[in-house]
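First comes the structure, then the notes that go with it.
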Amino acid sequence: MATTTKMQPRALVRASGGPRYAVALAVDALGTGLLRPFLLLYGVTVLRLSAPDTGIAMTVGVVVGLVCMPAVGRWLDRGARSTVVAASMLVRVLGVVLLLATPAGHVWLFATAALLLGIGNQAFPAAHAALVATVAHGRERDTALAAGRALRNAGMGAGALLATASLAGGATALQALAAVTGLACLAAAALAWSVHVHAYPAATPAKVGDDGPVPRMRALLAANVIYAFCLNVPEIALPLVLVTQLHASPVWSAAIFVANTVLVVTLQVPVTVLMSRFSRRAVLALAGVVLTASYLGFLAATSSGHGWGAPAVATVSVVCTIGEIIYAGSATALVTVLAPAHVLGRTLARFELSTGFGLAASPAVITALAPHGSVALWGSLAAGTLLSAGAVATEKDQGTRLGGCCPPGASRPVSPAIASDGGSK
(Lines give C-alpha, C1' and ligand atoms only; values in the text may rest on other atoms or scores of the structure.)
Protein backbone atom coordinates (compact mmCIF):
# COMPACT_ATOMS: atom_id res chain seq x y z
CA MET A 1 0.00 0.00 0.00
CA ALA A 2 1.40 3.35 -1.04
CA THR A 3 2.00 6.25 1.27
CA THR A 4 -0.34 9.19 1.09
CA THR A 5 1.27 12.29 -0.39
CA LYS A 6 0.77 15.68 1.25
CA MET A 7 2.30 18.57 -0.64
CA GLN A 8 2.57 22.24 0.16
CA PRO A 9 1.46 24.60 -2.63
CA ARG A 10 5.02 25.73 -3.35
CA ALA A 11 6.27 22.14 -3.58
CA LEU A 12 3.32 21.25 -5.80
CA VAL A 13 4.11 24.08 -8.21
CA ARG A 14 7.75 22.97 -8.33
CA ALA A 15 6.74 19.35 -8.99
CA SER A 16 4.43 20.54 -11.76
CA GLY A 17 7.22 22.24 -13.72
CA GLY A 18 7.80 25.50 -11.84
CA PRO A 19 5.99 28.86 -11.51
CA ARG A 20 6.49 29.97 -15.11
CA TYR A 21 5.17 26.69 -16.42
CA ALA A 22 2.12 26.93 -14.14
CA VAL A 23 1.42 30.41 -15.52
CA ALA A 24 1.80 29.04 -19.06
CA LEU A 25 -0.79 26.36 -18.33
CA ALA A 26 -3.20 28.90 -16.87
CA VAL A 27 -2.84 31.35 -19.78
CA ASP A 28 -3.19 28.59 -22.36
CA ALA A 29 -6.27 27.15 -20.65
CA LEU A 30 -7.91 30.56 -20.37
CA GLY A 31 -7.33 31.25 -24.05
CA THR A 32 -8.52 27.78 -25.08
CA GLY A 33 -11.71 28.24 -23.07
CA LEU A 34 -12.49 31.42 -24.98
CA LEU A 35 -12.80 29.63 -28.34
CA ARG A 36 -12.89 25.84 -28.03
CA PRO A 37 -16.53 25.54 -26.80
CA PHE A 38 -17.69 27.97 -29.50
CA LEU A 39 -15.76 26.72 -32.54
CA LEU A 40 -18.93 25.25 -34.04
CA LEU A 41 -20.71 28.56 -33.48
CA TYR A 42 -17.79 30.37 -35.17
CA GLY A 43 -18.14 28.24 -38.28
CA VAL A 44 -21.90 28.78 -38.46
CA THR A 45 -22.05 32.44 -37.44
CA VAL A 46 -18.85 33.99 -38.79
CA LEU A 47 -18.08 31.77 -41.79
CA ARG A 48 -21.75 31.09 -42.66
CA LEU A 49 -21.18 27.35 -42.99
CA SER A 50 -23.97 24.86 -42.46
CA ALA A 51 -24.07 23.13 -39.10
CA PRO A 52 -23.49 19.64 -40.62
CA ASP A 53 -20.51 20.86 -42.67
CA THR A 54 -19.04 22.59 -39.62
CA GLY A 55 -19.50 19.52 -37.43
CA ILE A 56 -17.95 17.18 -40.00
CA ALA A 57 -14.97 19.51 -40.46
CA MET A 58 -14.40 19.63 -36.70
CA THR A 59 -14.68 15.84 -36.39
CA VAL A 60 -12.25 15.28 -39.26
CA GLY A 61 -9.85 17.73 -37.62
CA VAL A 62 -9.92 15.84 -34.33
CA VAL A 63 -9.57 12.39 -35.91
CA VAL A 64 -6.79 13.36 -38.33
CA GLY A 65 -5.06 15.18 -35.47
CA LEU A 66 -4.62 11.81 -33.78
CA VAL A 67 -2.29 10.76 -36.61
CA CYS A 68 0.38 13.12 -35.24
CA MET A 69 0.66 11.25 -31.93
CA PRO A 70 3.30 8.65 -32.95
CA ALA A 71 5.56 11.48 -34.15
CA VAL A 72 4.98 13.36 -30.89
CA GLY A 73 5.90 10.24 -28.93
CA ARG A 74 9.17 9.78 -30.85
CA TRP A 75 10.03 13.46 -30.36
CA LEU A 76 9.49 13.13 -26.63
CA ASP A 77 11.64 10.00 -26.51
CA ARG A 78 14.52 11.99 -28.01
CA GLY A 79 14.44 14.05 -24.81
CA ALA A 80 12.28 17.03 -25.74
CA ARG A 81 9.88 18.17 -23.05
CA SER A 82 9.04 21.89 -22.75
CA THR A 83 9.76 22.30 -26.48
CA VAL A 84 6.98 19.86 -27.37
CA VAL A 85 4.56 21.57 -24.98
CA ALA A 86 5.38 24.93 -26.58
CA ALA A 87 5.01 23.43 -30.07
CA SER A 88 1.54 22.10 -29.23
CA MET A 89 0.55 25.64 -28.28
CA LEU A 90 2.14 27.21 -31.36
CA VAL A 91 0.26 24.83 -33.64
CA ARG A 92 -2.95 26.16 -32.14
CA VAL A 93 -1.74 29.71 -32.81
CA LEU A 94 -1.40 28.77 -36.49
CA GLY A 95 -4.89 27.29 -36.38
CA VAL A 96 -6.34 30.52 -34.98
CA VAL A 97 -4.50 32.64 -37.57
CA LEU A 98 -5.89 30.48 -40.38
CA LEU A 99 -9.33 30.62 -38.80
CA LEU A 100 -9.26 34.41 -38.76
CA ALA A 101 -8.04 34.49 -42.37
CA THR A 102 -10.71 32.09 -43.67
CA PRO A 103 -13.29 33.82 -45.91
CA ALA A 104 -16.96 33.06 -45.45
CA GLY A 105 -18.10 29.83 -47.07
CA HIS A 106 -14.67 28.16 -47.34
CA VAL A 107 -15.25 24.91 -45.47
CA TRP A 108 -11.86 23.36 -46.36
CA LEU A 109 -9.91 26.25 -44.89
CA PHE A 110 -12.04 25.95 -41.76
CA ALA A 111 -11.34 22.20 -41.71
CA THR A 112 -7.59 22.89 -41.97
CA ALA A 113 -7.80 25.36 -39.08
CA ALA A 114 -9.75 22.78 -37.07
CA LEU A 115 -7.04 20.21 -37.91
CA LEU A 116 -4.28 22.48 -36.57
CA LEU A 117 -6.30 23.15 -33.43
CA GLY A 118 -6.92 19.41 -33.11
CA ILE A 119 -3.22 18.57 -33.45
CA GLY A 120 -2.37 21.02 -30.68
CA ASN A 121 -5.12 19.73 -28.42
CA GLN A 122 -4.10 16.08 -29.00
CA ALA A 123 -0.36 16.63 -28.56
CA PHE A 124 -0.57 18.71 -25.39
CA PRO A 125 -1.65 16.04 -22.83
CA ALA A 126 1.18 13.63 -23.71
CA ALA A 127 3.77 16.42 -23.79
CA HIS A 128 2.57 17.84 -20.48
CA ALA A 129 2.55 14.42 -18.80
CA ALA A 130 6.07 13.71 -20.04
CA LEU A 131 7.32 17.04 -18.70
CA VAL A 132 5.78 16.44 -15.27
CA ALA A 133 7.16 12.88 -15.24
CA THR A 134 10.62 14.34 -15.86
CA VAL A 135 10.61 16.78 -12.96
CA ALA A 136 8.59 14.78 -10.40
CA HIS A 137 8.58 11.17 -9.20
CA GLY A 138 6.35 8.74 -7.33
CA ARG A 139 3.20 10.08 -5.77
CA GLU A 140 4.41 13.67 -6.19
CA ARG A 141 4.05 13.06 -9.92
CA ASP A 142 0.44 11.87 -9.49
CA THR A 143 -0.46 14.95 -7.46
CA ALA A 144 1.26 17.27 -9.92
CA LEU A 145 -0.64 15.72 -12.84
CA ALA A 146 -3.88 16.14 -10.91
CA ALA A 147 -3.05 19.76 -10.13
CA GLY A 148 -2.37 20.43 -13.80
CA ARG A 149 -5.77 19.03 -14.74
CA ALA A 150 -7.52 21.11 -12.08
CA LEU A 151 -5.71 24.26 -13.21
CA ARG A 152 -6.55 23.59 -16.84
CA ASN A 153 -10.24 23.01 -16.07
CA ALA A 154 -10.35 26.20 -14.02
CA GLY A 155 -8.75 28.23 -16.81
CA MET A 156 -10.98 26.78 -19.51
CA GLY A 157 -14.07 27.31 -17.35
CA ALA A 158 -13.15 30.93 -16.72
CA GLY A 159 -12.46 31.43 -20.42
CA ALA A 160 -15.80 29.91 -21.38
CA LEU A 161 -17.63 32.19 -18.92
CA LEU A 162 -15.90 35.27 -20.33
CA ALA A 163 -16.71 34.14 -23.86
CA THR A 164 -20.36 33.49 -22.98
CA ALA A 165 -20.66 37.00 -21.60
CA SER A 166 -19.24 38.38 -24.85
CA LEU A 167 -21.43 36.44 -27.29
CA ALA A 168 -24.00 39.24 -27.45
CA GLY A 169 -21.55 40.94 -29.81
CA GLY A 170 -22.26 38.35 -32.50
CA ALA A 171 -19.75 37.54 -35.24
CA THR A 172 -17.43 40.42 -34.29
CA ALA A 173 -17.23 39.14 -30.71
CA LEU A 174 -16.39 35.61 -31.91
CA GLN A 175 -13.59 36.95 -34.10
CA ALA A 176 -12.24 38.96 -31.17
CA LEU A 177 -12.36 35.86 -28.95
CA ALA A 178 -10.41 33.91 -31.58
CA ALA A 179 -7.77 36.65 -31.76
CA VAL A 180 -7.38 36.70 -27.97
CA THR A 181 -7.10 32.90 -28.01
CA GLY A 182 -4.23 33.11 -30.49
CA LEU A 183 -2.42 35.71 -28.39
CA ALA A 184 -2.92 33.68 -25.21
CA CYS A 185 -1.55 30.50 -26.84
CA LEU A 186 1.43 32.47 -28.17
CA ALA A 187 2.21 33.89 -24.72
CA ALA A 188 1.78 30.47 -23.13
CA ALA A 189 4.12 28.88 -25.70
CA ALA A 190 6.82 31.44 -24.92
CA LEU A 191 6.48 30.81 -21.19
CA ALA A 192 6.51 27.02 -21.59
CA TRP A 193 9.58 27.09 -23.84
CA SER A 194 11.43 29.36 -21.39
CA VAL A 195 11.30 26.63 -18.72
CA HIS A 196 13.85 24.60 -20.78
CA VAL A 197 13.05 21.12 -19.42
CA HIS A 198 14.87 18.42 -21.36
CA ALA A 199 15.55 14.75 -20.63
CA TYR A 200 18.58 12.81 -21.77
CA PRO A 201 17.17 9.35 -22.51
CA ALA A 202 20.38 7.94 -23.94
CA ALA A 203 21.88 7.65 -20.46
CA THR A 204 18.75 6.51 -18.67
CA PRO A 205 18.44 2.83 -19.70
CA ALA A 206 22.06 2.07 -18.87
CA LYS A 207 21.74 3.62 -15.42
CA VAL A 208 18.41 2.28 -14.20
CA GLY A 209 17.80 -0.76 -16.38
CA ASP A 210 14.80 0.65 -18.24
CA ASP A 211 15.79 -0.87 -21.58
CA GLY A 212 12.55 -2.70 -22.32
CA PRO A 213 10.24 -2.15 -25.32
CA VAL A 214 7.12 0.00 -25.37
CA PRO A 215 4.69 -1.81 -23.01
CA ARG A 216 1.70 -3.25 -24.84
CA MET A 217 -0.93 -2.45 -22.21
CA ARG A 218 -3.60 -3.90 -24.50
CA ALA A 219 -6.29 -4.26 -21.86
CA LEU A 220 -5.54 -0.83 -20.40
CA LEU A 221 -5.63 0.91 -23.78
CA ALA A 222 -8.85 -0.85 -24.83
CA ALA A 223 -10.45 -0.06 -21.48
CA ASN A 224 -9.36 3.57 -21.70
CA VAL A 225 -11.38 4.01 -24.90
CA ILE A 226 -14.53 3.15 -22.92
CA TYR A 227 -13.47 5.07 -19.80
CA ALA A 228 -13.00 8.21 -21.91
CA PHE A 229 -16.72 8.22 -22.69
CA CYS A 230 -17.30 9.64 -19.19
CA LEU A 231 -15.59 12.89 -20.25
CA ASN A 232 -18.37 13.54 -22.78
CA VAL A 233 -21.29 12.51 -20.56
CA PRO A 234 -21.85 16.01 -19.03
CA GLU A 235 -21.47 17.73 -22.42
CA ILE A 236 -23.32 15.35 -24.75
CA ALA A 237 -25.25 12.51 -23.10
CA LEU A 238 -26.92 14.42 -20.28
CA PRO A 239 -28.07 17.45 -22.33
CA LEU A 240 -29.41 15.04 -24.97
CA VAL A 241 -31.34 12.99 -22.42
CA LEU A 242 -32.60 15.99 -20.43
CA VAL A 243 -33.91 17.87 -23.46
CA THR A 244 -35.16 15.09 -25.76
CA GLN A 245 -36.33 12.46 -23.27
CA LEU A 246 -37.22 14.32 -20.07
CA HIS A 247 -38.17 17.59 -21.82
CA ALA A 248 -36.38 19.53 -19.09
CA SER A 249 -35.18 23.10 -19.31
CA PRO A 250 -31.68 23.60 -20.81
CA VAL A 251 -30.83 25.29 -17.50
CA TRP A 252 -30.40 21.82 -15.99
CA SER A 253 -27.74 20.93 -18.57
CA ALA A 254 -25.88 24.18 -17.93
CA ALA A 255 -26.03 23.67 -14.15
CA ILE A 256 -24.68 20.12 -14.43
CA PHE A 257 -21.81 21.29 -16.66
CA VAL A 258 -20.88 24.09 -14.23
CA ALA A 259 -21.09 21.71 -11.26
CA ASN A 260 -18.86 19.21 -13.08
CA THR A 261 -16.23 21.90 -13.71
CA VAL A 262 -16.34 23.18 -10.12
CA LEU A 263 -16.05 19.67 -8.67
CA VAL A 264 -13.09 18.79 -10.91
CA VAL A 265 -11.28 22.02 -10.00
CA THR A 266 -11.85 21.65 -6.26
CA LEU A 267 -11.62 17.88 -5.78
CA GLN A 268 -9.12 16.59 -8.36
CA VAL A 269 -6.06 17.07 -6.14
CA PRO A 270 -7.64 16.04 -2.79
CA VAL A 271 -9.19 12.90 -4.26
CA THR A 272 -5.94 11.95 -6.00
CA VAL A 273 -4.04 12.38 -2.73
CA LEU A 274 -6.67 10.31 -0.89
CA MET A 275 -6.46 7.52 -3.47
CA SER A 276 -2.66 7.41 -3.18
CA ARG A 277 -3.20 4.97 -0.30
CA PHE A 278 -3.89 2.32 -2.90
CA SER A 279 -2.22 1.04 -6.06
CA ARG A 280 -2.89 3.04 -9.21
CA ARG A 281 -4.31 0.02 -11.04
CA ALA A 282 -6.76 -0.70 -8.21
CA VAL A 283 -7.84 2.94 -8.18
CA LEU A 284 -8.38 2.93 -11.96
CA ALA A 285 -10.52 -0.20 -11.63
CA LEU A 286 -12.46 1.51 -8.82
CA ALA A 287 -13.10 4.46 -11.15
CA GLY A 288 -14.77 2.06 -13.58
CA VAL A 289 -16.98 0.69 -10.82
CA VAL A 290 -18.02 4.22 -9.75
CA LEU A 291 -18.75 5.21 -13.35
CA THR A 292 -20.78 2.03 -13.84
CA ALA A 293 -22.82 2.84 -10.73
CA SER A 294 -23.47 6.35 -12.04
CA TYR A 295 -24.65 5.03 -15.42
CA LEU A 296 -27.06 2.68 -13.65
CA GLY A 297 -28.13 5.69 -11.56
CA PHE A 298 -28.87 7.62 -14.75
CA LEU A 299 -30.92 4.66 -15.98
CA ALA A 300 -32.98 4.73 -12.79
CA ALA A 301 -33.26 8.54 -12.84
CA THR A 302 -34.56 8.68 -16.40
CA SER A 303 -37.17 6.06 -15.51
CA SER A 304 -38.51 7.99 -12.52
CA GLY A 305 -40.84 10.24 -14.51
CA HIS A 306 -40.58 13.75 -15.91
CA GLY A 307 -41.27 15.48 -12.59
CA TRP A 308 -38.30 14.07 -10.70
CA GLY A 309 -36.17 13.05 -13.65
CA ALA A 310 -34.09 16.21 -14.04
CA PRO A 311 -33.25 16.63 -10.31
CA ALA A 312 -32.39 12.92 -10.10
CA VAL A 313 -30.10 13.15 -13.14
CA ALA A 314 -28.38 16.20 -11.62
CA THR A 315 -27.82 14.31 -8.37
CA VAL A 316 -26.39 11.23 -10.08
CA SER A 317 -24.12 13.46 -12.19
CA VAL A 318 -22.13 14.19 -9.02
CA VAL A 319 -21.33 10.47 -8.73
CA CYS A 320 -20.33 10.41 -12.40
CA THR A 321 -18.00 13.37 -11.83
CA ILE A 322 -16.39 11.62 -8.86
CA GLY A 323 -15.76 8.62 -11.11
CA GLU A 324 -14.25 10.94 -13.73
CA ILE A 325 -11.98 12.51 -11.11
CA ILE A 326 -10.77 9.11 -9.87
CA TYR A 327 -10.17 8.00 -13.47
CA ALA A 328 -8.28 11.13 -14.46
CA GLY A 329 -6.14 11.03 -11.33
CA SER A 330 -4.99 7.44 -11.84
CA ALA A 331 -4.92 6.63 -15.56
CA THR A 332 -2.07 8.83 -16.82
CA ALA A 333 -0.16 8.30 -13.57
CA LEU A 334 -0.37 4.53 -14.07
CA VAL A 335 0.92 4.83 -17.64
CA THR A 336 3.93 6.90 -16.53
CA VAL A 337 5.07 4.16 -14.13
CA LEU A 338 4.38 1.32 -16.56
CA ALA A 339 6.62 2.87 -19.22
CA PRO A 340 10.41 2.38 -19.31
CA ALA A 341 11.95 5.86 -19.21
CA HIS A 342 13.39 5.78 -22.73
CA VAL A 343 9.98 5.02 -24.30
CA LEU A 344 7.88 7.23 -22.04
CA GLY A 345 6.88 9.48 -24.94
CA ARG A 346 5.69 6.69 -27.20
CA THR A 347 3.82 5.04 -24.34
CA LEU A 348 2.03 8.27 -23.45
CA ALA A 349 1.29 8.85 -27.14
CA ARG A 350 -0.37 5.44 -27.41
CA PHE A 351 -2.42 6.19 -24.31
CA GLU A 352 -3.53 9.58 -25.65
CA LEU A 353 -4.45 7.90 -28.94
CA SER A 354 -6.86 5.65 -27.05
CA THR A 355 -8.27 8.64 -25.16
CA GLY A 356 -8.67 10.63 -28.35
CA PHE A 357 -10.37 7.73 -30.09
CA GLY A 358 -12.81 7.39 -27.19
CA LEU A 359 -13.56 11.11 -27.23
CA ALA A 360 -14.03 11.08 -31.01
CA ALA A 361 -16.26 8.00 -31.03
CA SER A 362 -18.39 8.76 -27.98
CA PRO A 363 -20.62 11.48 -29.53
CA ALA A 364 -21.57 9.17 -32.41
CA VAL A 365 -22.12 6.19 -30.09
CA ILE A 366 -24.15 8.19 -27.56
CA THR A 367 -26.36 9.83 -30.16
CA ALA A 368 -26.89 6.46 -31.90
CA LEU A 369 -27.92 4.68 -28.67
CA ALA A 370 -30.06 7.43 -27.13
CA PRO A 371 -33.04 7.12 -29.55
CA HIS A 372 -33.40 3.45 -28.56
CA GLY A 373 -34.17 4.34 -24.95
CA SER A 374 -32.46 4.64 -21.59
CA VAL A 375 -31.70 0.94 -21.29
CA ALA A 376 -29.84 0.93 -24.60
CA LEU A 377 -27.80 4.02 -23.70
CA TRP A 378 -27.05 3.66 -20.00
CA GLY A 379 -27.15 -0.14 -19.95
CA SER A 380 -24.57 -0.33 -22.75
CA LEU A 381 -22.29 2.25 -21.10
CA ALA A 382 -22.57 0.47 -17.74
CA ALA A 383 -21.80 -2.96 -19.21
CA GLY A 384 -18.88 -1.70 -21.28
CA THR A 385 -17.38 0.26 -18.40
CA LEU A 386 -17.72 -2.61 -15.92
CA LEU A 387 -16.03 -4.99 -18.36
CA SER A 388 -13.28 -2.40 -18.84
CA ALA A 389 -12.78 -2.12 -15.08
CA GLY A 390 -12.42 -5.90 -14.86
CA ALA A 391 -9.87 -5.90 -17.69
CA VAL A 392 -7.83 -3.18 -15.97
CA ALA A 393 -7.89 -5.04 -12.65
CA THR A 394 -6.78 -8.38 -14.09
CA GLU A 395 -4.13 -7.23 -16.57
CA LYS A 396 -0.63 -8.18 -15.47
CA ASP A 397 2.20 -5.65 -15.37
CA GLN A 398 5.43 -6.82 -16.99
CA GLY A 399 8.79 -5.33 -16.18
CA THR A 400 7.43 -2.26 -14.41
CA ARG A 401 8.03 -0.42 -11.16
CA LEU A 402 4.55 0.12 -9.82
CA GLY A 403 3.88 2.92 -7.39
CA GLY A 404 6.80 4.90 -8.72
CA CYS A 405 9.25 2.82 -6.64
CA CYS A 406 12.44 1.11 -7.63
CA PRO A 407 13.13 -2.64 -7.46
CA PRO A 408 14.36 -3.93 -4.10
CA GLY A 409 17.94 -2.97 -3.50
CA ALA A 410 18.02 -0.35 -6.25
CA SER A 411 18.41 3.35 -5.71
CA ARG A 412 15.75 5.77 -6.91
CA PRO A 413 16.75 7.17 -10.30
CA VAL A 414 17.27 10.86 -10.65
CA SER A 415 15.69 12.11 -13.87
CA PRO A 416 18.44 13.62 -16.04
CA ALA A 417 16.60 16.82 -16.80
CA ILE A 418 17.45 20.49 -16.82
CA ALA A 419 14.85 23.07 -15.84
CA SER A 420 15.76 26.74 -15.72
CA ASP A 421 12.70 27.64 -13.62
CA GLY A 422 13.81 26.07 -10.38
CA GLY A 423 12.17 22.76 -11.24
CA SER A 424 15.22 20.64 -12.01
CA LYS A 425 15.59 17.26 -10.45
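Chain lettering (A, B, ...) mirrors the order of the C-alpha coordinates, residue numbering begins at 1 for each chain separately, and ligand numbering begins at 1 in order of display.
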Report task. Could you please write out, as a PyMOL selection string, every residue of region 234-402 of chain A that DSSP assigns to alpha helix (DSSP H)? Result -> chain A and resi 238-244+250-275+280-302+306-338+344-369+374+380-394
Query raised in the report: Any idea what's packed within 12 Å of region 163-176 of chain A, counting only C-alpha atoms, ignoring anything in its chain fewer than 5 positions away? Could you give it as a PyMOL selection string?
Result: chain A and resi 30-48+96-102+104+156-158+181-183+254
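Proximity to Phe298 (chain A) was assessed for A:Asn232, A:Val271, A:Leu76, A:Ala312 counting only C-alpha atoms; the smallest distance is recorded for A:Ala312.
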Query - Residue neighbourhood region 64-67 of chain A, 7 Å, only C-alpha atoms, exclusion window fewer than 5 positions, as a ChimeraX atom specification - result: /A:115,118-119,122,353,356
**Report entry** Pick from A:Ala360, A:Ile322, A:Leu151, A:Val13, whichever lies nearest to Val289 (chain A) using only C-alpha atoms
**Finding:** A:Ile322
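Checking A:Thr83, A:Asn121, A:Thr321, A:Thr332 one by one against Ser194 (chain A), counting only C-alpha atoms, you find the shortest gap at A:Thr83.
Closest approach to Ala26 (chain A) from the set A:Ala187, A:Val243, A:Ala133, A:Met217 is made by A:Ala187, with distances taken over only C-alpha atoms.
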Report task. Would you mind telling me which residue in A:Ala339, A:Ala368, A:Thr292, A:Ala282 lies nearest to Thr394 (chain A) when using only C-alpha atoms? Result -> A:Ala282
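Proximity of A:Ile325, A:Met69, A:Leu49, A:Gly358 to Pro103 (chain A), computed with only C-alpha atoms, is greatest for A:Leu49.
Across the structure, CA of Gly18 (chain A) and CA of Ala71 (chain A) are spaced 26.4 Å apart.
The environment of Ala144 (chain A) within 10 Å, counting only C-alpha atoms and disregarding residues fewer than 2 places along the same chain, consists of Met7, Ala11, Leu12, Val13, Arg14, Ala15, Ser16, Gly17, Ala129, Val132, Ala133, Val135, Ala136, His137, Arg139, Glu140, Arg141, Asp142, Ala146, Ala147, Gly148, Arg149, Ala150, Val269, Thr272, Gly329 and Ala333 of chain A.
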Could I get the residues of region 66-92 of chain A with an atom no further than 6 Å from an atom of region 189-192 of chain A, each paired with its nearest atom pair and that distance in Å to one decimal, using only C-alpha atoms, sorted by chain and residue number, as a Markdown table?
| residue | atom | partner | partner_atom | distance |
| --- | --- | --- | --- | --- |
| A:Ser82 | CA | A:Ala192 | CA | 5.8 |
| A:Ala86 | CA | A:Ala189 | CA | 4.2 |
| A:Met89 | CA | A:Ala189 | CA | 5.5 |
Query raised in the report: What is the CA of Tyr200 (chain A) to CA of Pro70 (chain A) distance in Å?
Result: 19.4 Å
Quick one: everything within 8 Å of Thr355 (chain A), counting only C-alpha atoms, minus sequence neighbours fewer than 5 positions away in the same chain. Send it as a PDB file with C-alpha atoms, in the first residue's frame.
ATOM      1  CA  ASN A 224      -9.363   3.565 -21.699  1.00  0.00           C
ATOM      2  CA  VAL A 225     -11.379   4.008 -24.902  1.00  0.00           C
ATOM      3  CA  ALA A 228     -13.000   8.209 -21.911  1.00  0.00           C
TER       4      ALA A 228
END
